[in-house]
Amino acid sequence: MPIDWFPLWLSLRVAAISTVMAIVLGLWVAWVLANRAFRGKELIDAAVTLPLVLPPTVLGYYLLVVLGRASPLGKLYEWAIGHPLVFTWQAAVVAALFHATPLLIKSARAAFESVDHSYERAARNLGASELRLFWRVTLPLTRRSIMAASALAFARALGDFGITLMIAGNIPGRTQTVALAIYDAVESGNGALARTLVLVISAVALIILALANRFATNPFGPRQAPL
Amino acid sequence: MITARIRKRFPPGSDSAGFALDLEFEAGAAITVLFGPSGSGKTLTLDAIAGFVRPDEGRVMLDDDILFDAAAKVNIAPRHRRCGYVFQNYALFPHMTLRQNLLFAVGLRPRLERHRRVTEMLDKFHLTDVSGRRPHELSGGQKQRCSIARALIGSPRLLLLDEPARGLDAPLRMELYAVLRQVRTEYNIPILLVTHDLEEALELGNEMLVLRDGSLVQSGRPREVIEAPANVEVARLFGLYNLLPVEIRGLDPGRNSSRLRYRDFDLNGQYIPGHLIGDKLWVCVRPDQLLALPRNGKPAQNQVPLALHHLVDRPAGVRLEFENDVAVEMRRSEYEQHERVKEWVVEFPPESLRTL
């Protein structure tokens, strides 16, 4: 029986796009959390961590409410793009984004906070703007942690099941990712397909985690400046 | 010229006693030493001037520009202040080579100008040969020179140095002092140098500010400050003096003499203007101005029998530490004449006793 590889390609594409979006969004949020003091900061930190602990169906329900065809955001999307967001592969990207970003924010915040303050002070003292400080000092110093966190975020985006099911549905050939395809295959007694997809997705995840571990080793030794 | 009036309170917390910085000073185009023990607010003062710490009250002016003014709500961002800062740990960016560190600091000038400045700086600070290395591949002295070069390359209007000699051995320290003297003549900007090393203050300082618990306790030329501490606390900070609590028993302006009661002994000193008989005050005397002699019968005038606790070898001789924190310094050869002595008297020459 020929194996339909569409779910794998879809999963990889969804994970890749959502990881890029998670990096842009996550680094910004992490930077704000690490560098700005404001009221309710820890509440925001808790709120962005919430997707890590809530059941995926809860999150999916929230997203359906916020992005559904009846919601303002959903209407705006439909008006701008021409078709509704829910039950498309783009919705799967949103699902993966919400699944992966919290992890990235957590790791990136810890990485940003681990940078010795004297480097930031030195950069500001030498006339650097906040943007230059971020690009030229903070990001290079935390590059490896950020890369490791991004790899983990990609792996996590690849593995989402519940949120995708809730807002993107399980439409074969359109929104059916690997996780959903495996569920379908098991339900319909297609053991060969389930086994193949399970092994392939496990191998992909394993390679990504091994990469993440390699990134995590720091080339500059301890991050604290030696006295 | 930098003029600063800085007030900053840190309320006592669960694990700290609280701290208040309150000082006012001005410093011209020379090296001004901020001297004081750890926790006296020296680094905090530099941070307030550089803009890393926001004072509660006060005003910081550099020449005619206001960097900070609490009343007028002016607080220039650190990156616009143009204060060179040499950090205690150098804070050289570890992911950049030395040349890149300097290039970062010249900022957004035209390309040729940037490279010309960096090359010039590398040359001036003898760093050309190692310009392609990262900070962890440099020696302590090279890192130090690089951090000074980086602080100066943007033509700052003020240079702040936070304990630059910390962790350097004696030859490197001499080299650093030479560099700083060169910087003083070439740049003609105010330099504020934080230290708790008296020799450094003497060697480099044109002016000296003594800080204690966040307040300015004395200021002046380093030599004058060290020779005439304003009060017993300052004298104690220097660690150079024997400090004796005495009570005035007699005053004779005619013969320019006084009689001072120290423990159970009367000492003759010089006349003390402005005090009355019965006043209790502190006398300070340098250890090398005292004499330690073997005890022969009854102690003579101005001699006090004291028990010897420790003998400490010093680069220039020996230091005899007696009871009641009295120390005497003498040459090695002098001490060797009395090596077997068990009982000592310490003689306080009248002209060496200085009241605080």
# chains A, B, ... in the order shown; residues from 1 in each chain; ligands from 1

call {"tool": "interface_residues", "arguments": {"of": "chain B", "to": "chain A", "cutoff": "9 Å", "atoms": "only C-alpha atoms", "output": "MDAnalysis selection string"}}
result
chainID B and resid 50:52 77:95 104:107 136 150:151 154 166:167

call {"tool": "residues_around", "arguments": {"residues": "region 279-296 of chain B", "least_positions_apart": "6", "cutoff": "8 Å", "atoms": "only C-alpha atoms", "output": "PDB file with N, CA and C atoms, in the first residue's frame"}}
result
ATOM      1  N   VAL B 232      39.215  60.815  63.768  1.00  0.00           N
ATOM      2  CA  VAL B 232      39.747  59.497  64.095  1.00  0.00           C
ATOM      3  C   VAL B 232      39.264  58.424  63.104  1.00  0.00           C
ATOM      4  N   ALA B 235      41.472  58.630  60.035  1.00  0.00           N
ATOM      5  CA  ALA B 235      42.795  58.107  60.371  1.00  0.00           C
ATOM      6  C   ALA B 235      42.754  56.582  60.436  1.00  0.00           C
ATOM      7  N   LEU B 240      47.316  53.745  58.847  1.00  0.00           N
ATOM      8  CA  LEU B 240      48.732  54.106  58.899  1.00  0.00           C
ATOM      9  C   LEU B 240      49.173  54.489  60.298  1.00  0.00           C
ATOM     10  N   TYR B 241      48.195  54.761  61.156  1.00  0.00           N
ATOM     11  CA  TYR B 241      48.531  55.422  62.410  1.00  0.00           C
ATOM     12  C   TYR B 241      48.237  54.574  63.637  1.00  0.00           C
ATOM     13  N   ASN B 242      49.009  54.856  64.703  1.00  0.00           N
ATOM     14  CA  ASN B 242      48.607  54.426  66.027  1.00  0.00           C
ATOM     15  C   ASN B 242      47.646  55.478  66.559  1.00  0.00           C
ATOM     16  N   LEU B 243      46.543  55.027  67.088  1.00  0.00           N
ATOM     17  CA  LEU B 243      45.568  55.986  67.598  1.00  0.00           C
ATOM     18  C   LEU B 243      45.451  55.789  69.097  1.00  0.00           C
ATOM     19  N   LEU B 244      45.739  56.849  69.838  1.00  0.00           N
ATOM     20  CA  LEU B 244      45.728  56.738  71.289  1.00  0.00           C
ATOM     21  C   LEU B 244      44.645  57.635  71.875  1.00  0.00           C
ATOM     22  N   PRO B 245      43.765  57.089  72.703  1.00  0.00           N
ATOM     23  CA  PRO B 245      42.799  57.953  73.400  1.00  0.00           C
ATOM     24  C   PRO B 245      43.499  58.604  74.594  1.00  0.00           C
ATOM     25  N   VAL B 246      43.462  59.921  74.654  1.00  0.00           N
ATOM     26  CA  VAL B 246      44.152  60.601  75.766  1.00  0.00           C
ATOM     27  C   VAL B 246      43.220  61.629  76.414  1.00  0.00           C
ATOM     28  N   GLU B 247      43.622  62.042  77.631  1.00  0.00           N
ATOM     29  CA  GLU B 247      42.897  63.116  78.317  1.00  0.00           C
ATOM     30  C   GLU B 247      43.900  64.218  78.636  1.00  0.00           C
ATOM     31  N   ILE B 248      43.500  65.459  78.379  1.00  0.00           N
ATOM     32  CA  ILE B 248      44.428  66.560  78.626  1.00  0.00           C
ATOM     33  C   ILE B 248      44.505  66.815  80.127  1.00  0.00           C
ATOM     34  N   PRO B 305      55.720  51.097  79.262  1.00  0.00           N
ATOM     35  CA  PRO B 305      56.030  49.673  79.095  1.00  0.00           C
ATOM     36  C   PRO B 305      54.839  48.949  78.473  1.00  0.00           C
ATOM     37  N   VAL B 326      49.262  49.232  69.592  1.00  0.00           N
ATOM     38  CA  VAL B 326      50.357  50.156  69.336  1.00  0.00           C
ATOM     39  C   VAL B 326      51.387  49.417  68.482  1.00  0.00           C
ATOM     40  N   ALA B 327      51.766  50.022  67.358  1.00  0.00           N
ATOM     41  CA  ALA B 327      52.750  49.389  66.493  1.00  0.00           C
ATOM     42  C   ALA B 327      53.943  50.311  66.306  1.00  0.00           C
ATOM     43  N   VAL B 328      55.113  49.712  66.240  1.00  0.00           N
ATOM     44  CA  VAL B 328      56.341  50.473  66.038  1.00  0.00           C
ATOM     45  C   VAL B 328      57.056  49.871  64.834  1.00  0.00           C
ATOM     46  N   GLU B 329      57.535  50.720  63.955  1.00  0.00           N
ATOM     47  CA  GLU B 329      58.310  50.224  62.815  1.00  0.00           C
ATOM     48  C   GLU B 329      59.742  50.705  62.903  1.00  0.00           C
ATOM     49  N   MET B 330      60.654  49.808  62.609  1.00  0.00           N
ATOM     50  CA  MET B 330      62.076  50.192  62.639  1.00  0.00           C
ATOM     51  C   MET B 330      62.830  49.386  61.599  1.00  0.00           C
ATOM     52  N   HIS B 338      68.329  44.383  69.524  1.00  0.00           N
ATOM     53  CA  HIS B 338      67.518  44.082  70.716  1.00  0.00           C
ATOM     54  C   HIS B 338      66.786  42.758  70.591  1.00  0.00           C
ATOM     55  N   VAL B 341      65.489  40.874  73.680  1.00  0.00           N
ATOM     56  CA  VAL B 341      64.792  41.630  74.716  1.00  0.00           C
ATOM     57  C   VAL B 341      63.428  41.014  75.004  1.00  0.00           C
ATOM     58  N   LYS B 342      63.112  40.871  76.316  1.00  0.00           N
ATOM     59  CA  LYS B 342      61.810  40.316  76.711  1.00  0.00           C
ATOM     60  C   LYS B 342      60.835  41.437  77.064  1.00  0.00           C
ATOM     61  N   GLU B 343      61.346  42.430  77.781  1.00  0.00           N
ATOM     62  CA  GLU B 343      60.465  43.515  78.226  1.00  0.00           C
ATOM     63  C   GLU B 343      60.807  44.798  77.491  1.00  0.00           C
ATOM     64  N   TRP B 344      59.746  45.456  76.984  1.00  0.00           N
ATOM     65  CA  TRP B 344      59.954  46.623  76.129  1.00  0.00           C
ATOM     66  C   TRP B 344      59.311  47.851  76.735  1.00  0.00           C
ATOM     67  N   VAL B 345      59.895  49.009  76.393  1.00  0.00           N
ATOM     68  CA  VAL B 345      59.161  50.260  76.583  1.00  0.00           C
ATOM     69  C   VAL B 345      59.044  50.925  75.221  1.00  0.00           C
ATOM     70  N   VAL B 346      57.923  51.618  75.051  1.00  0.00           N
ATOM     71  CA  VAL B 346      57.738  52.366  73.798  1.00  0.00           C
ATOM     72  C   VAL B 346      57.824  53.835  74.138  1.00  0.00           C
ATOM     73  N   GLU B 347      58.700  54.540  73.416  1.00  0.00           N
ATOM     74  CA  GLU B 347      58.871  55.972  73.678  1.00  0.00           C
ATOM     75  C   GLU B 347      58.081  56.782  72.654  1.00  0.00           C
ATOM     76  N   PHE B 348      57.294  57.727  73.171  1.00  0.00           N
ATOM     77  CA  PHE B 348      56.492  58.607  72.306  1.00  0.00           C
ATOM     78  C   PHE B 348      57.135  59.986  72.287  1.00  0.00           C
ATOM     79  N   PRO B 349      57.923  60.311  71.257  1.00  0.00           N
ATOM     80  CA  PRO B 349      58.540  61.634  71.225  1.00  0.00           C
ATOM     81  C   PRO B 349      57.470  62.715  71.159  1.00  0.00           C
ATOM     82  N   SER B 352      56.038  64.027  67.925  1.00  0.00           N
ATOM     83  CA  SER B 352      55.361  63.099  67.006  1.00  0.00           C
ATOM     84  C   SER B 352      53.872  62.982  67.300  1.00  0.00           C
ATOM     85  N   LEU B 353      53.454  63.430  68.492  1.00  0.00           N
ATOM     86  CA  LEU B 353      52.042  63.262  68.882  1.00  0.00           C
ATOM     87  C   LEU B 353      51.204  64.340  68.224  1.00  0.00           C
ATOM     88  N   ARG B 354      50.229  63.904  67.386  1.00  0.00           N
ATOM     89  CA  ARG B 354      49.365  64.890  66.737  1.00  0.00           C
ATOM     90  C   ARG B 354      47.924  64.644  67.138  1.00  0.00           C
ATOM     91  N   THR B 355      47.281  65.714  67.606  1.00  0.00           N
ATOM     92  CA  THR B 355      45.900  65.532  68.067  1.00  0.00           C
ATOM     93  C   THR B 355      44.945  65.613  66.883  1.00  0.00           C
ATOM     94  N   LEU B 356      43.828  64.920  67.001  1.00  0.00           N
ATOM     95  CA  LEU B 356      42.803  64.927  65.953  1.00  0.00           C
ATOM     96  C   LEU B 356      41.595  65.725  66.438  1.00  0.00           C
TER      97      LEU B 356
END

call {"tool": "residues_around", "arguments": {"residues": "Asp4 (chain A)", "least_positions_apart": "5", "cutoff": "12 Å", "atoms": "only C-alpha atoms", "output": "PyMOL selection string"}}
result
chain A and resi 9-10+172-173+176-178+181-182+185+192-194+196-197

call {"tool": "select_by_dssp", "arguments": {"residues": "region 29-219 of chain A", "states": "alpha helix (DSSP H)", "output": "number ranges by chain"}}
result
A: 29-35, 41-53, 56-67, 72-81, 89-114, 117-125, 130-133, 139-158, 162-167, 178-187, 191-216

call {"tool": "residues_around", "arguments": {"residues": "region 130-135 of chain B", "least_positions_apart": "3", "cutoff": "6 Å", "atoms": "only C-alpha atoms", "output": "PyMOL selection string"}}
result
chain B and resi 94+96-99+127+138

call {"tool": "closest_residue", "arguments": {"among": "A:Phe98, A:Phe112, A:Phe87, A:Trp31", "to": "Ser145 (chain A)", "atoms": "only C-alpha atoms"}}
result
A:Phe112

call {"tool": "residues_around", "arguments": {"residues": "region 275-277 of chain B", "least_positions_apart": "5", "cutoff": "7 Å", "atoms": "only C-alpha atoms", "output": "list of chain:residue names"}}
result
B:Ile248, B:Arg249, B:Gly250, B:Leu251

call {"tool": "write_last_selection", "arguments": {"atoms": "N, CA and C atoms", "output": "PDB file, in the first residue's frame"}}
result
ATOM      1  N   ILE B 248      43.500  65.459  78.379  1.00  0.00           N
ATOM      2  CA  ILE B 248      44.428  66.560  78.626  1.00  0.00           C
ATOM      3  C   ILE B 248      44.505  66.815  80.127  1.00  0.00           C
ATOM      4  N   ARG B 249      45.735  66.769  80.662  1.00  0.00           N
ATOM      5  CA  ARG B 249      45.926  67.003  82.097  1.00  0.00           C
ATOM      6  C   ARG B 249      46.561  68.354  82.364  1.00  0.00           C
ATOM      7  N   GLY B 250      47.295  68.866  81.369  1.00  0.00           N
ATOM      8  CA  GLY B 250      47.927  70.161  81.583  1.00  0.00           C
ATOM      9  C   GLY B 250      48.226  70.823  80.267  1.00  0.00           C
ATOM     10  N   LEU B 251      48.109  72.177  80.245  1.00  0.00           N
ATOM     11  CA  LEU B 251      48.395  72.915  79.022  1.00  0.00           C
ATOM     12  C   LEU B 251      49.288  74.084  79.380  1.00  0.00           C
TER      13      LEU B 251
END

call {"tool": "residues_around", "arguments": {"residues": "region 49-65 of chain A", "least_positions_apart": "2", "cutoff": "8 Å", "atoms": "only C-alpha atoms", "output": "MDAnalysis selection string"}}
result
chainID A and resid 45:47 67:68 71 86 95 98:99 102:103 106 161:167

call {"tool": "closest_residue", "arguments": {"among": "B:Asp252, B:Leu152, B:Glu224, B:Asn101", "to": "Glu186 (chain B)", "atoms": "only C-alpha atoms"}}
result
B:Leu152

call {"tool": "atom_distance", "arguments": {"atom1": "CA of Ala316 (chain B)", "atom2": "CA of Tyr335 (chain B)"}}
result
12.4 Å

call {"tool": "residues_around", "arguments": {"residues": "Glu323 (chain B)", "least_positions_apart": "2", "cutoff": "8 Å", "atoms": "only C-alpha atoms", "output": "list in words"}}
result
Leu306, Ala307, Leu308, His309, Glu321, Asp325 and Val326 of chain B

call {"tool": "write_last_selection", "arguments": {"atoms": "N, CA and C atoms", "output": "PDB file, in the first residue's frame"}}
result
ATOM      1  N   LEU B 306      55.105  48.199  77.435  1.00  0.00           N
ATOM      2  CA  LEU B 306      54.044  47.477  76.743  1.00  0.00           C
ATOM      3  C   LEU B 306      54.538  46.083  76.384  1.00  0.00           C
ATOM      4  N   ALA B 307      53.612  45.125  76.367  1.00  0.00           N
ATOM      5  CA  ALA B 307      53.987  43.752  76.009  1.00  0.00           C
ATOM      6  C   ALA B 307      53.964  43.591  74.497  1.00  0.00           C
ATOM      7  N   LEU B 308      54.996  42.922  73.977  1.00  0.00           N
ATOM      8  CA  LEU B 308      55.077  42.691  72.542  1.00  0.00           C
ATOM      9  C   LEU B 308      54.212  41.491  72.173  1.00  0.00           C
ATOM     10  N   HIS B 309      53.332  41.667  71.217  1.00  0.00           N
ATOM     11  CA  HIS B 309      52.483  40.552  70.783  1.00  0.00           C
ATOM     12  C   HIS B 309      53.032  39.844  69.552  1.00  0.00           C
ATOM     13  N   GLU B 321      54.285  44.719  66.937  1.00  0.00           N
ATOM     14  CA  GLU B 321      52.909  45.022  67.347  1.00  0.00           C
ATOM     15  C   GLU B 321      52.748  44.758  68.834  1.00  0.00           C
ATOM     16  N   ASP B 325      47.020  47.779  70.473  1.00  0.00           N
ATOM     17  CA  ASP B 325      47.145  48.202  69.081  1.00  0.00           C
ATOM     18  C   ASP B 325      48.194  49.282  68.861  1.00  0.00           C
ATOM     19  N   VAL B 326      49.262  49.232  69.592  1.00  0.00           N
ATOM     20  CA  VAL B 326      50.357  50.156  69.336  1.00  0.00           C
ATOM     21  C   VAL B 326      51.387  49.417  68.482  1.00  0.00           C
TER      22      VAL B 326
END

call {"tool": "closest_residue", "arguments": {"among": "B:Phe68, B:Phe19, B:Phe265, B:Phe25", "to": "Thr3 (chain B)", "atoms": "only C-alpha atoms"}}
result
B:Phe25
